[in-house]
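Enquirer: My questions will all concern the structure given below.
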Amino acid sequence: MRFSLLGPLAVHDGRTARTLDGPKAHVLLGVLLLHANQPVPHDRLQESLWGERPPSTAGASLKNHIARLRRALAEPGEAEPRIRAVSGGYLLRVEPGELDTEEFTAALESARAGYLRRDWPCVSREAGRALALWRGSPMPELAETPVARPFVERSAQARRQALEWRIDAELELGRHQGLAPELTGLIAEQPLHEGFHRQLMLVLHRSGQQAEALAVFGRLRATLAEELGVDPGAEVLAAHQEILRTAPPAAPPEPPEPVEAGPPAPKGELALAAESLARHVHGRWIREEEQRRIHDPFPLPVRWRAAPAGLLDHWDNIGGAAPGASAGPVPLEGGLSRIAEIYRRVGSGRLVVLGRAGSGKSVLMLRFVLDYLAGRAADEPVPVIFSIGSWDPTVTGLRDWLLERLLRDHPNLAARTGGRSTLAEALVDAGWILPVLDGFDEIAKGLHAAALRELNEISLPLLLTSRTEQFAEAATTDVLKKAAGIELTDLTAEDLAHYLPRTARPAQDAAAGWTPVLAELRERPRSLASANLTTVLSTPLMVLLARTLYSDAPDQEPAALLDTGRFPSPEALEEHLLAGFVPTVYRARPTAARSRHHWGPRRAHQYLGHLAGHLDRHDLAWWRLSNGLSLPSRVLAIVLACGVVTIGTTVLQGEAANLIVGKGTPWISETAIWAQALMLGPVVGLAFGLVYLVTVRFGRQAFEPSPVQLRLPRRNQPTVAAPGRRILSALRTGLLLGFTVGLAQGPCKLALSALGVLPPLPGMPIVERVLINSGANGFILALAAGLALGLMAALEAPVDLESAATPGALLALNRSNVIRQALLVTPVVAVAVALVGQPVGALVQNWYGLRQAAWYWPLLGIQCGITGTLGYVFTLTAWGQWLLFTRIWLPLTGRLPWAVMAFLDDAYRRGVLRQVGAVYQFRHARLQSRLSPGPLKP
């Protein structure tokens with residue numbers, strides 16, 4: 001069990017946070033923790049709960065509160081309860097290491113010892129470890145009670161001492177850059193603290209800002225004289241003299257070229273590909289950070305502590321200690337701006353980031369990627385974010401899954417290397433990719449243990465994010481090998497006081513709207529409204545929702561959040577914030593003004609609900625949106641579309657024949673033409689539907705967008721991996737498609753002959769007629785389709801090296817590629833049918849004793865080229881199915897808007913969705929769950 005007093009009172013059992021029943025439970029536990037392992041008299045507990053005049057029923061009520069608190073702290077298999085009755089009071093048992101104040105005190109003592117011996121790295125490390133435990137004002141629930149006030153004051157004083165020691169250590173180590181903003185904020189909180197003024201003076205002076213440093217001294221001297229009637233102390237005066245006596249430091253000279261610089265930076269093919277990938281990853285996540293308004297007005301603080309030891313491997317394994325040697329723990333505590341630095345401290349390069357829902361794991365992950373890339377050396381791997389929630393470790397190994405995602409989000413990596421593998425394979429195998437795996441907890445239920453085993457099968461460095469509870473469940477049988485871990489802590493009331501007013505619109509004085517809310521948190525921390533708000537607004541997700549509903553919407557008053565009638569519990573308040581998010585962002589917003597499309601809150605909620613509940617659990621990929629339709633519906637759409645295309649081309653073929661030979665021929669009369677069209681359309685449509693059904697049933701649940709494009713061959717053109725296999729695969733597909741469609745035409749033509757629409761076939765049994773016609777048609781179309789698709793595969797080349805996919809860019813790339821394919825396949829099929837059909841058709845017709853007109857096979861070739869190409873597009877390409885299912889069928893049924901991509905992009909700009917490579921995702925799993933009309937699909 002872990003008891004946290006340095007901030008809002010919190011209890012964590014190593015798996016999940018324990019929930020306390022109301023404000024009085026917080027007060028009662030806080031008093032007992034302040035006297036841990038000591039008896040606390042009844043009267044002191046009653047006074048803390050009810051003040052100096054407790055009610056007559058206080059004794060019985062105290063027993064009830066103690067009983068509920070015992071249940072909240074109960075652990076499976078415990079021999080005795082945590083709280084036990086003693087003579088005249090109660091005693092709370094706390095084991096060593098369970099109180100964060102003990103860890104804080106130990107770290108502060110280590111920092112003190114280092115300060116005395118001037119061991120500045122030790123001071124910086126240990127003071128930083130102590131400060132990382134600080135989550136805000138200690139126990140605001142008890143701040144005004146006499147029993148807690150001394151503890152709160154001592155803790156605040158100890159924190160100031162730790163801050164001063166840490167900053168002194170940074171100054172001594174020459175790491176003064178970036179300290180000025182922190183010190184300015186500390187001085188604003190403590191305007192009479194001479195130590196912080198002295199440090200700011202030195203920081204500014206050593207940064208070349210001598211005038212600003214002297215101005216700080218002048219302001220301090222005036223403030224002390226006005227407030228206290230005293231002059232600055234000796235240390236401040238010494239710093240002042242140093243500034244006057246010493247010139248500002250000059251810019252450091254360029255370091256000389258080292259004689260032994262180790263191996264030169266790699267300049268080969270993989271290094272260049274890694275550099276290109278790093279640029280695109282950096283640019284993509286910079287844009288995403290701007291889109292999420294992380295710096296508007298400033299990033300919410302994300303802090304953490306070391307993760308519970310029972311969830312992680314031994315430090316000797318993490319540090320790679322030799323047998324018999326020992327690798328001590330590395331301090332991991334810190335804040336948002338230090339995540340890349342913390343990661344580099346971990347010898348194994350494997351770090352787990354734990355936290356509860358909405359605690360800021362995704363923001364931290366994004367910051368890690370940007371900061372790591374900012375300090376990345378030329379031979380270091382490139383951090384790439386993978387949303388791991390859609391991974392099924394029982395079906396696909398991690399390496400293969402990473403390759404699939406790399407090729408999806410970065411199609412240029414399909415290019416073939418000198419070793420004949422793709423760039424993606426070569427980069428992963430050579431260690432150029434640092435996987436940043438987001439959302440371990442979102443893997444389907446029951447697969448977490450298998451995923452952990454698979455992660456242990458590889459030795460890649462990685463950063464993994466997860467909710468604590470799901471990771472703890474998976475770690476009951478094994479831990480993630482060689483991985484260190486951190487756990488995110490909650491936001492504090494102080495964080496809210498700094499952040500929320502600055503998100504409001506000054507022109508409408510919306511900042512004043514947060515005043516009653518912040519006053520309630522500050523002045524009545526034990527009230528029900530404060531308890532609800534403190535619980536709910538302890539994560540960045542909920543603060544973002546509150547900001548959206550009340551700062552971004554000027555007609556809303558934040559004071560409504562204090563209404564305990566509407567929101568009697570934290571759950572009710574969370575539900576209100578989640579439910580109000582979509583209606584708020586879909587009011588008139590700048591993004592709608594720039595678009596030809598506008599969706600009101602009701603329609604937007606309807607479409608988002610469909611996306612949230614009926615599609616893949618995590619990724620909103622444009623090529624998978626058709627999964628909202630059942631397989632029979634998709635087959636029916638294929639049959640109808642291909643049938644309509646066949647009817648149209650058959651009619652056009654007949655009309656062309658009429659132009660050539662005139663309208664006197666009975667076999668090409670209007671009646672005959674439409675009879676053939678209406679007979680062939682459904683048959684050919686069913687044939688294409690059968691091809692689609694067989695393809696899906698054999699494992700292709702979705703047709704992935706192609707990472708290649710058609711190009712005429714040229715010298716030194718990069719090629720796709722395994723081109724021979726791709727050509728053979730295309731040939732097989734063409735043969736299957738052509739033979740199936742051709743086979744279906746035989747019975748159809750015989751039926752038309754029997755009806756007198758086509759010339760009769762005398763002197764031959766019906767079965768023999770069917771077999772000969774079907775075989776001939778199948779042979780001709782199979783040869784033509786196989787030739788066309790094989791040629792198409794031979795002309796494939798990877799996309800440009802500088803291409804990186806966004807959803808819209810990947811859609812446009814595939815649309816362009818499919819159009820090029822159609823322009824190639826149509827004439828090739830037409831010519832092949834005409835050339836092959838002429839001799840084969842002549843042979844068959846001679847067998848029947850008939851003669852075929854010379855124009856028949858060229859016209860049939862054109863019809864087959866157009867029909868077959870459009871059928872191929874609808875049946876076997878991602879863009880064709882997007883066009884048929886998502887742009888036509890789903891909007892017709894009212895489940896999606898007609899402008900689907902515009903809607904998704906608009907939702908992204910409004911903050912409902914986020915963009916991860918070539919796919920969209922809901923901003924948070926809780927928002928997706930709230931929008932979903934039913935249970936999410938696994």
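How things are named: the first chain in the structure tokens is A, the next is B, and so on; residues count from 1 in each chain; ligands count from 1 in the order shown.
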Quick one: residues within 7 Å of A:Leu931, only C-alpha atoms, excluding same-chain residues fewer than 4 positions away - as a list in words?
Expert: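 What passes the distance filter is Leu608, Gly609, Ala612 and Leu927 of chain A.
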Enquirer: Go ahead and save the picked residues with C-alpha atoms, as a PDB file, in the first residue's frame.
Expert:
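part24.pdb was written with the following content:
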ATOM      1  CA  LEU A 608     -19.263   9.954 -34.146  1.00  0.00           C
ATOM      2  CA  GLY A 609     -21.420   7.432 -32.303  1.00  0.00           C
ATOM      3  CA  ALA A 612     -17.093   4.864 -31.946  1.00  0.00           C
ATOM      4  CA  LEU A 927     -14.486   9.780 -24.982  1.00  0.00           C
TER       5      LEU A 927
END
Enquirer: Please give the complete set of residues from stretch 505-711 of chain A that DSSP, run on the backbone, assigns to strand (DSSP E or B), formatted as a PyMOL selection string.
Expert: chain A and resi 619-620+708-710
Enquirer: Just checking: using only C-alpha atoms, which residue out of A:Cys864, A:Val536, A:Leu427, A:Val436 ends up closest to A:Val353?
Expert: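 Nearest to A:Val353: A:Val436.
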Enquirer: Point out the residue among A:Gly174, A:Gly310, A:Pro138, A:Gly88 with the least atom-to-atom distance to A:Ala475, counting only C-alpha atoms.
Expert: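 Under the stated criterion, the closest residue is A:Gly310.
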Enquirer: Counting only C-alpha atoms, which residue out of A:Pro682, A:Glu290, A:Arg910, A:Arg160 sits closest to A:Arg587?
Expert: A:Arg910
Enquirer: From the options A:Gly358, A:Pro411, A:Pro705, A:Pro632, which residue's atoms come nearest to A:Ala925, counting only C-alpha atoms?
Expert: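 Of all the options, A:Gly358 lies closest to A:Ala925.
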Enquirer: Excluding A:Arg118 and its own-chain neighbours fewer than 4 positions away, which residues fall within 12 Å of it when counting only C-alpha atoms? Please give them as a ChimeraX atom specification.
Expert: /A:110-114,122-124,165-166,168-169,172-173
Enquirer: Take the residues from that selection and write them out as a PDB file, in the first residue's frame, keeping C-alpha atoms.
Expert:
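Wrote it out as again-v6.pdb, contents follow:
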ATOM      1  CA  SER A 110      20.804  12.658   1.342  1.00  0.00           C
ATOM      2  CA  ALA A 111      20.690  16.049  -0.393  1.00  0.00           C
ATOM      3  CA  ARG A 112      21.735  17.745   2.871  1.00  0.00           C
ATOM      4  CA  ALA A 113      24.704  15.406   3.282  1.00  0.00           C
ATOM      5  CA  GLY A 114      25.751  16.031  -0.323  1.00  0.00           C
ATOM      6  CA  CYS A 122      24.332  14.081  -5.490  1.00  0.00           C
ATOM      7  CA  VAL A 123      22.513  17.230  -4.345  1.00  0.00           C
ATOM      8  CA  SER A 124      20.853  17.693  -7.733  1.00  0.00           C
ATOM      9  CA  TRP A 165      19.587  23.214  -2.765  1.00  0.00           C
ATOM     10  CA  ARG A 166      18.746  21.799  -6.186  1.00  0.00           C
ATOM     11  CA  ASP A 168      22.400  25.830  -6.085  1.00  0.00           C
ATOM     12  CA  ALA A 169      23.649  22.476  -7.376  1.00  0.00           C
ATOM     13  CA  GLU A 172      27.591  24.946  -9.402  1.00  0.00           C
ATOM     14  CA  LEU A 173      27.405  22.401 -12.227  1.00  0.00           C
TER      15      LEU A 173
END
Enquirer: Interatomic distance between atom CA of A:Leu73 and atom CA of A:Leu131?
Expert: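 Atom CA of A:Leu131 lies 27.0 Å from atom CA of A:Leu73.
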Enquirer: Identify, on the basis of only C-alpha atoms, every residue whose closest approach to stretch 496-506 of chain A does not exceed 9 Å; exclude the query and any residue fewer than 4 positions from it along the same chain; express the result as an mmCIF file with N, CA, C and O atoms, in the first residue's frame.
Expert:
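Final output, around-v5.cif:
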data_model
loop_
_atom_site.group_PDB
_atom_site.id
_atom_site.type_symbol
_atom_site.label_atom_id
_atom_site.label_comp_id
_atom_site.auth_asym_id
_atom_site.auth_seq_id
_atom_site.Cartn_x
_atom_site.Cartn_y
_atom_site.Cartn_z
ATOM 1 N N ASP A 296 -1.004 26.066 -25.111
ATOM 2 C CA ASP A 296 -1.960 27.159 -25.012
ATOM 3 C C ASP A 296 -2.691 27.061 -23.672
ATOM 4 O O ASP A 296 -3.598 26.244 -23.520
ATOM 5 N N PRO A 297 -2.387 27.853 -22.664
ATOM 6 C CA PRO A 297 -1.330 28.870 -22.659
ATOM 7 C C PRO A 297 0.040 28.296 -22.281
ATOM 8 O O PRO A 297 1.061 28.870 -22.595
ATOM 9 N N PHE A 298 0.061 27.140 -21.594
ATOM 10 C CA PHE A 298 1.312 26.458 -21.273
ATOM 11 C C PHE A 298 0.958 25.007 -20.960
ATOM 12 O O PHE A 298 -0.190 24.683 -20.649
ATOM 13 N N PRO A 299 1.920 24.097 -21.065
ATOM 14 C CA PRO A 299 1.601 22.691 -20.808
ATOM 15 C C PRO A 299 1.195 22.465 -19.356
ATOM 16 O O PRO A 299 1.823 22.997 -18.437
ATOM 17 N N LEU A 300 0.127 21.702 -19.185
ATOM 18 C CA LEU A 300 -0.216 21.289 -17.825
ATOM 19 C C LEU A 300 0.933 20.452 -17.259
ATOM 20 O O LEU A 300 1.536 19.654 -17.973
ATOM 21 N N LEU A 491 -2.761 15.967 -10.794
ATOM 22 C CA LEU A 491 -2.671 17.422 -10.722
ATOM 23 C C LEU A 491 -3.156 17.891 -9.355
ATOM 24 O O LEU A 491 -3.891 17.189 -8.662
ATOM 25 N N THR A 492 -2.776 19.081 -8.978
ATOM 26 C CA THR A 492 -3.142 19.632 -7.675
ATOM 27 C C THR A 492 -4.034 20.852 -7.852
ATOM 28 O O THR A 492 -4.154 21.417 -8.948
ATOM 29 N N ALA A 510 -13.890 36.123 -18.808
ATOM 30 C CA ALA A 510 -14.247 34.770 -18.399
ATOM 31 C C ALA A 510 -13.369 34.276 -17.263
ATOM 32 O O ALA A 510 -13.734 33.358 -16.540
ATOM 33 N N ALA A 511 -12.203 34.910 -17.069
ATOM 34 C CA ALA A 511 -11.335 34.471 -15.981
ATOM 35 C C ALA A 511 -12.029 34.633 -14.643
ATOM 36 O O ALA A 511 -11.817 33.852 -13.711
ATOM 37 N N ALA A 512 -12.855 35.696 -14.558
ATOM 38 C CA ALA A 512 -13.567 35.888 -13.292
ATOM 39 C C ALA A 512 -14.489 34.722 -13.009
ATOM 40 O O ALA A 512 -14.825 34.445 -11.857
ATOM 41 N N GLY A 513 -14.920 34.014 -14.085
ATOM 42 C CA GLY A 513 -15.811 32.884 -13.879
ATOM 43 C C GLY A 513 -15.182 31.755 -13.093
ATOM 44 O O GLY A 513 -15.887 30.983 -12.447
ATOM 45 N N TRP A 514 -13.871 31.626 -13.166
ATOM 46 C CA TRP A 514 -13.207 30.567 -12.412
ATOM 47 C C TRP A 514 -12.950 30.975 -10.959
ATOM 48 O O TRP A 514 -12.573 30.123 -10.157
ATOM 49 N N THR A 515 -13.161 32.234 -10.635
ATOM 50 C CA THR A 515 -12.850 32.708 -9.282
ATOM 51 C C THR A 515 -13.615 31.958 -8.208
ATOM 52 O O THR A 515 -13.014 31.491 -7.224
ATOM 53 N N LEU A 518 -12.168 28.325 -7.864
ATOM 54 C CA LEU A 518 -10.852 28.253 -7.225
ATOM 55 C C LEU A 518 -10.926 28.681 -5.769
ATOM 56 O O LEU A 518 -10.195 28.147 -4.917
ATOM 57 N N LEU A 537 -10.849 16.820 -11.404
ATOM 58 C CA LEU A 537 -9.883 17.651 -12.121
ATOM 59 C C LEU A 537 -8.440 17.343 -11.711
ATOM 60 O O LEU A 537 -7.580 18.216 -11.726
ATOM 61 N N SER A 538 -8.183 16.101 -11.402
ATOM 62 C CA SER A 538 -6.825 15.691 -11.041
ATOM 63 C C SER A 538 -6.068 15.116 -12.228
ATOM 64 O O SER A 538 -4.918 14.725 -12.103
ATOM 65 N N VAL A 543 -9.317 18.225 -17.042
ATOM 66 C CA VAL A 543 -9.078 19.671 -17.071
ATOM 67 C C VAL A 543 -9.310 20.199 -18.477
ATOM 68 O O VAL A 543 -9.889 21.283 -18.665
ATOM 69 N N ALA A 546 -13.034 20.438 -18.950
ATOM 70 C CA ALA A 546 -13.566 21.587 -18.220
ATOM 71 C C ALA A 546 -13.214 22.885 -18.934
ATOM 72 O O ALA A 546 -14.047 23.803 -19.041
ATOM 73 N N ARG A 547 -12.014 22.985 -19.425
ATOM 74 C CA ARG A 547 -11.605 24.180 -20.171
ATOM 75 C C ARG A 547 -12.480 24.356 -21.412
ATOM 76 O O ARG A 547 -12.932 25.463 -21.718
ATOM 77 N N TYR A 550 -16.105 25.459 -20.439
ATOM 78 C CA TYR A 550 -16.343 26.690 -19.705
ATOM 79 C C TYR A 550 -15.424 27.845 -20.092
ATOM 80 O O TYR A 550 -15.854 28.988 -20.041
ATOM 81 N N SER A 551 -14.199 27.586 -20.495
ATOM 82 C CA SER A 551 -13.342 28.681 -20.946
ATOM 83 C C SER A 551 -13.568 28.997 -22.417
ATOM 84 O O SER A 551 -13.563 30.156 -22.819
ATOM 85 N N ASP A 552 -13.763 27.949 -23.230
ATOM 86 C CA ASP A 552 -13.939 28.155 -24.659
ATOM 87 C C ASP A 552 -15.374 28.512 -25.023
ATOM 88 O O ASP A 552 -15.648 28.874 -26.166
ATOM 89 N N PRO A 554 -18.082 31.071 -23.897
ATOM 90 C CA PRO A 554 -18.248 32.225 -23.013
ATOM 91 C C PRO A 554 -19.617 32.322 -22.346
ATOM 92 O O PRO A 554 -19.771 33.043 -21.371
#
Enquirer: Find the residues near A:Arg350: any atom within 9 Å, counting only C-alpha atoms, skip ones fewer than 5 places away on the same chain, and give them as an MDAnalysis selection string.
Expert: chainID A and resid 318 343 460:464 480:485
Enquirer: Residues as selected, C-alpha atoms, written as a tab-separated table (two decimals), in the first residue's frame, can you do that?
Expert:
chain	number	residue	atom	x	y	z
A	318	ILE	CA	17.89	-3.12	-15.92
A	343	TYR	CA	14.83	7.71	-20.43
A	460	LEU	CA	14.56	-3.90	-28.63
A	461	PRO	CA	14.71	-0.77	-26.49
A	462	LEU	CA	11.24	0.69	-26.10
A	463	LEU	CA	8.99	3.06	-24.23
A	464	LEU	CA	5.61	1.60	-23.25
A	480	LEU	CA	8.64	-6.73	-18.53
A	481	LYS	CA	12.27	-7.79	-18.69
A	482	LYS	CA	14.95	-5.14	-18.11
A	483	ALA	CA	12.36	-2.36	-17.93
A	484	ALA	CA	12.33	0.51	-15.44
A	485	GLY	CA	9.08	2.32	-14.76
Enquirer: Show which residues sit within 12 Å of A:Val147, as number ranges by chain. Count only C-alpha atoms, and ignore same-chain residues fewer than 6 positions away.
Expert: A: 27-28, 30-35, 40, 44-49, 51, 139, 141, 153
Enquirer: Can I get the selected residues back with all heavy atoms, as a compact mmCIF listing (two decimals), in the first residue's frame?
Expert:
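The resulting file, again_37.txt, is reproduced below:
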# COMPACT_ATOMS: atom_id res chain seq x y z
N VAL A 27 -10.42 13.23 5.87
CA VAL A 27 -9.93 13.87 7.09
C VAL A 27 -9.52 12.81 8.10
O VAL A 27 -8.44 12.90 8.73
CB VAL A 27 -11.03 14.79 7.67
CG1 VAL A 27 -10.60 15.32 9.03
CG2 VAL A 27 -11.32 15.93 6.72
N LEU A 28 -10.35 11.80 8.27
CA LEU A 28 -10.06 10.77 9.26
C LEU A 28 -8.77 10.03 8.93
O LEU A 28 -7.90 9.84 9.80
CB LEU A 28 -11.23 9.79 9.30
CG LEU A 28 -11.18 8.68 10.36
CD1 LEU A 28 -11.08 9.27 11.76
CD2 LEU A 28 -12.41 7.79 10.24
N GLY A 30 -6.33 11.15 7.06
CA GLY A 30 -5.21 12.08 7.17
C GLY A 30 -4.72 12.21 8.59
O GLY A 30 -3.51 12.21 8.86
N VAL A 31 -5.64 12.34 9.55
CA VAL A 31 -5.25 12.47 10.96
C VAL A 31 -4.53 11.21 11.42
O VAL A 31 -3.51 11.27 12.11
CB VAL A 31 -6.48 12.76 11.83
CG1 VAL A 31 -6.10 12.76 13.31
CG2 VAL A 31 -7.10 14.10 11.45
N LEU A 32 -5.06 10.03 11.05
CA LEU A 32 -4.42 8.78 11.45
C LEU A 32 -3.03 8.63 10.82
O LEU A 32 -2.11 8.12 11.46
CB LEU A 32 -5.31 7.60 11.05
CG LEU A 32 -6.63 7.47 11.83
CD1 LEU A 32 -7.53 6.42 11.20
CD2 LEU A 32 -6.35 7.11 13.29
N LEU A 33 -2.87 9.09 9.58
CA LEU A 33 -1.56 8.99 8.92
C LEU A 33 -0.55 9.94 9.55
O LEU A 33 0.65 9.63 9.61
CB LEU A 33 -1.70 9.29 7.43
CG LEU A 33 -2.32 8.17 6.57
CD1 LEU A 33 -2.59 8.67 5.17
CD2 LEU A 33 -1.40 6.94 6.53
N LEU A 34 -1.02 11.10 10.00
CA LEU A 34 -0.10 12.03 10.66
C LEU A 34 0.43 11.46 11.97
O LEU A 34 1.46 11.90 12.47
CB LEU A 34 -0.80 13.37 10.91
CG LEU A 34 -1.05 14.22 9.65
CD1 LEU A 34 -1.85 15.45 10.01
CD2 LEU A 34 0.26 14.61 8.99
N HIS A 35 -0.29 10.49 12.51
CA HIS A 35 0.14 9.81 13.74
C HIS A 35 0.26 8.31 13.46
O HIS A 35 -0.23 7.49 14.24
CB HIS A 35 -0.85 10.07 14.88
CG HIS A 35 -1.04 11.53 15.18
ND1 HIS A 35 -1.92 12.32 14.49
CD2 HIS A 35 -0.43 12.34 16.09
CE1 HIS A 35 -1.88 13.56 14.96
NE2 HIS A 35 -0.98 13.60 15.93
N VAL A 40 -4.45 7.42 18.41
CA VAL A 40 -5.04 8.76 18.28
C VAL A 40 -6.33 8.75 19.10
O VAL A 40 -7.23 7.95 18.83
CB VAL A 40 -5.35 9.11 16.81
CG1 VAL A 40 -5.89 10.53 16.70
CG2 VAL A 40 -4.11 8.94 15.96
N ARG A 44 -9.69 13.70 19.80
CA ARG A 44 -8.96 14.39 18.74
C ARG A 44 -9.55 14.08 17.37
O ARG A 44 -9.66 14.96 16.51
CB ARG A 44 -7.48 14.00 18.78
CG ARG A 44 -6.66 14.68 17.67
CD ARG A 44 -5.18 14.43 17.80
NE ARG A 44 -4.63 15.05 19.00
CZ ARG A 44 -3.33 15.04 19.31
NH1 ARG A 44 -2.47 14.43 18.51
NH2 ARG A 44 -2.90 15.62 20.41
N LEU A 45 -9.93 12.83 17.16
CA LEU A 45 -10.55 12.47 15.89
C LEU A 45 -11.89 13.18 15.70
O LEU A 45 -12.20 13.68 14.61
CB LEU A 45 -10.74 10.95 15.81
CG LEU A 45 -9.46 10.12 15.73
CD1 LEU A 45 -9.77 8.63 15.84
CD2 LEU A 45 -8.71 10.38 14.42
N GLN A 46 -12.68 13.25 16.80
CA GLN A 46 -13.98 13.92 16.70
C GLN A 46 -13.81 15.41 16.43
O GLN A 46 -14.54 16.01 15.64
CB GLN A 46 -14.77 13.70 17.99
CG GLN A 46 -15.21 12.25 18.19
CD GLN A 46 -15.90 12.03 19.51
OE1 GLN A 46 -16.25 12.99 20.21
NE2 GLN A 46 -16.10 10.77 19.88
N GLU A 47 -12.84 16.02 17.07
CA GLU A 47 -12.60 17.44 16.84
C GLU A 47 -12.17 17.71 15.41
O GLU A 47 -12.57 18.71 14.80
CB GLU A 47 -11.52 17.94 17.81
CG GLU A 47 -11.22 19.44 17.67
CD GLU A 47 -10.12 19.90 18.59
OE1 GLU A 47 -9.67 19.10 19.45
OE2 GLU A 47 -9.70 21.05 18.46
N SER A 48 -11.36 16.82 14.84
CA SER A 48 -10.93 16.99 13.46
C SER A 48 -12.10 16.85 12.49
O SER A 48 -12.15 17.53 11.46
CB SER A 48 -9.85 15.96 13.11
OG SER A 48 -8.73 16.10 13.94
N LEU A 49 -13.07 16.00 12.83
CA LEU A 49 -14.20 15.77 11.94
C LEU A 49 -15.29 16.82 12.09
O LEU A 49 -15.90 17.24 11.09
CB LEU A 49 -14.79 14.38 12.19
CG LEU A 49 -13.94 13.18 11.76
CD1 LEU A 49 -14.56 11.88 12.24
CD2 LEU A 49 -13.78 13.14 10.25
N GLY A 51 -15.11 19.70 14.47
CA GLY A 51 -14.75 20.94 15.13
C GLY A 51 -14.83 20.83 16.64
O GLY A 51 -14.89 19.75 17.23
N MET A 139 -2.13 17.62 1.69
CA MET A 139 -3.45 17.33 2.25
C MET A 139 -4.33 18.58 2.37
O MET A 139 -4.64 19.03 3.46
CB MET A 139 -3.30 16.66 3.62
CG MET A 139 -2.70 15.28 3.54
SD MET A 139 -2.88 14.34 5.06
CE MET A 139 -1.99 15.34 6.24
N GLU A 141 -7.30 18.75 2.17
CA GLU A 141 -8.52 18.40 2.91
C GLU A 141 -8.41 18.76 4.39
O GLU A 141 -9.43 18.97 5.06
CB GLU A 141 -8.81 16.89 2.77
CG GLU A 141 -8.89 16.40 1.33
CD GLU A 141 -7.55 15.94 0.78
OE1 GLU A 141 -6.50 16.29 1.35
OE2 GLU A 141 -7.56 15.22 -0.23
N GLU A 153 2.94 23.33 7.23
CA GLU A 153 3.96 24.39 7.24
C GLU A 153 5.37 23.80 7.17
O GLU A 153 6.23 24.31 6.45
CB GLU A 153 3.79 25.25 8.50
CG GLU A 153 2.50 26.06 8.49
CD GLU A 153 2.27 26.80 9.79
OE1 GLU A 153 3.08 26.61 10.74
OE2 GLU A 153 1.28 27.55 9.89
Enquirer: Interatomic distance between atom CA of A:Arg70 and atom CA of A:Glu98?
Expert: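 Taking atom CA of A:Arg70 as the start and atom CA of A:Glu98 as the end point, the length is 16.8 Å.
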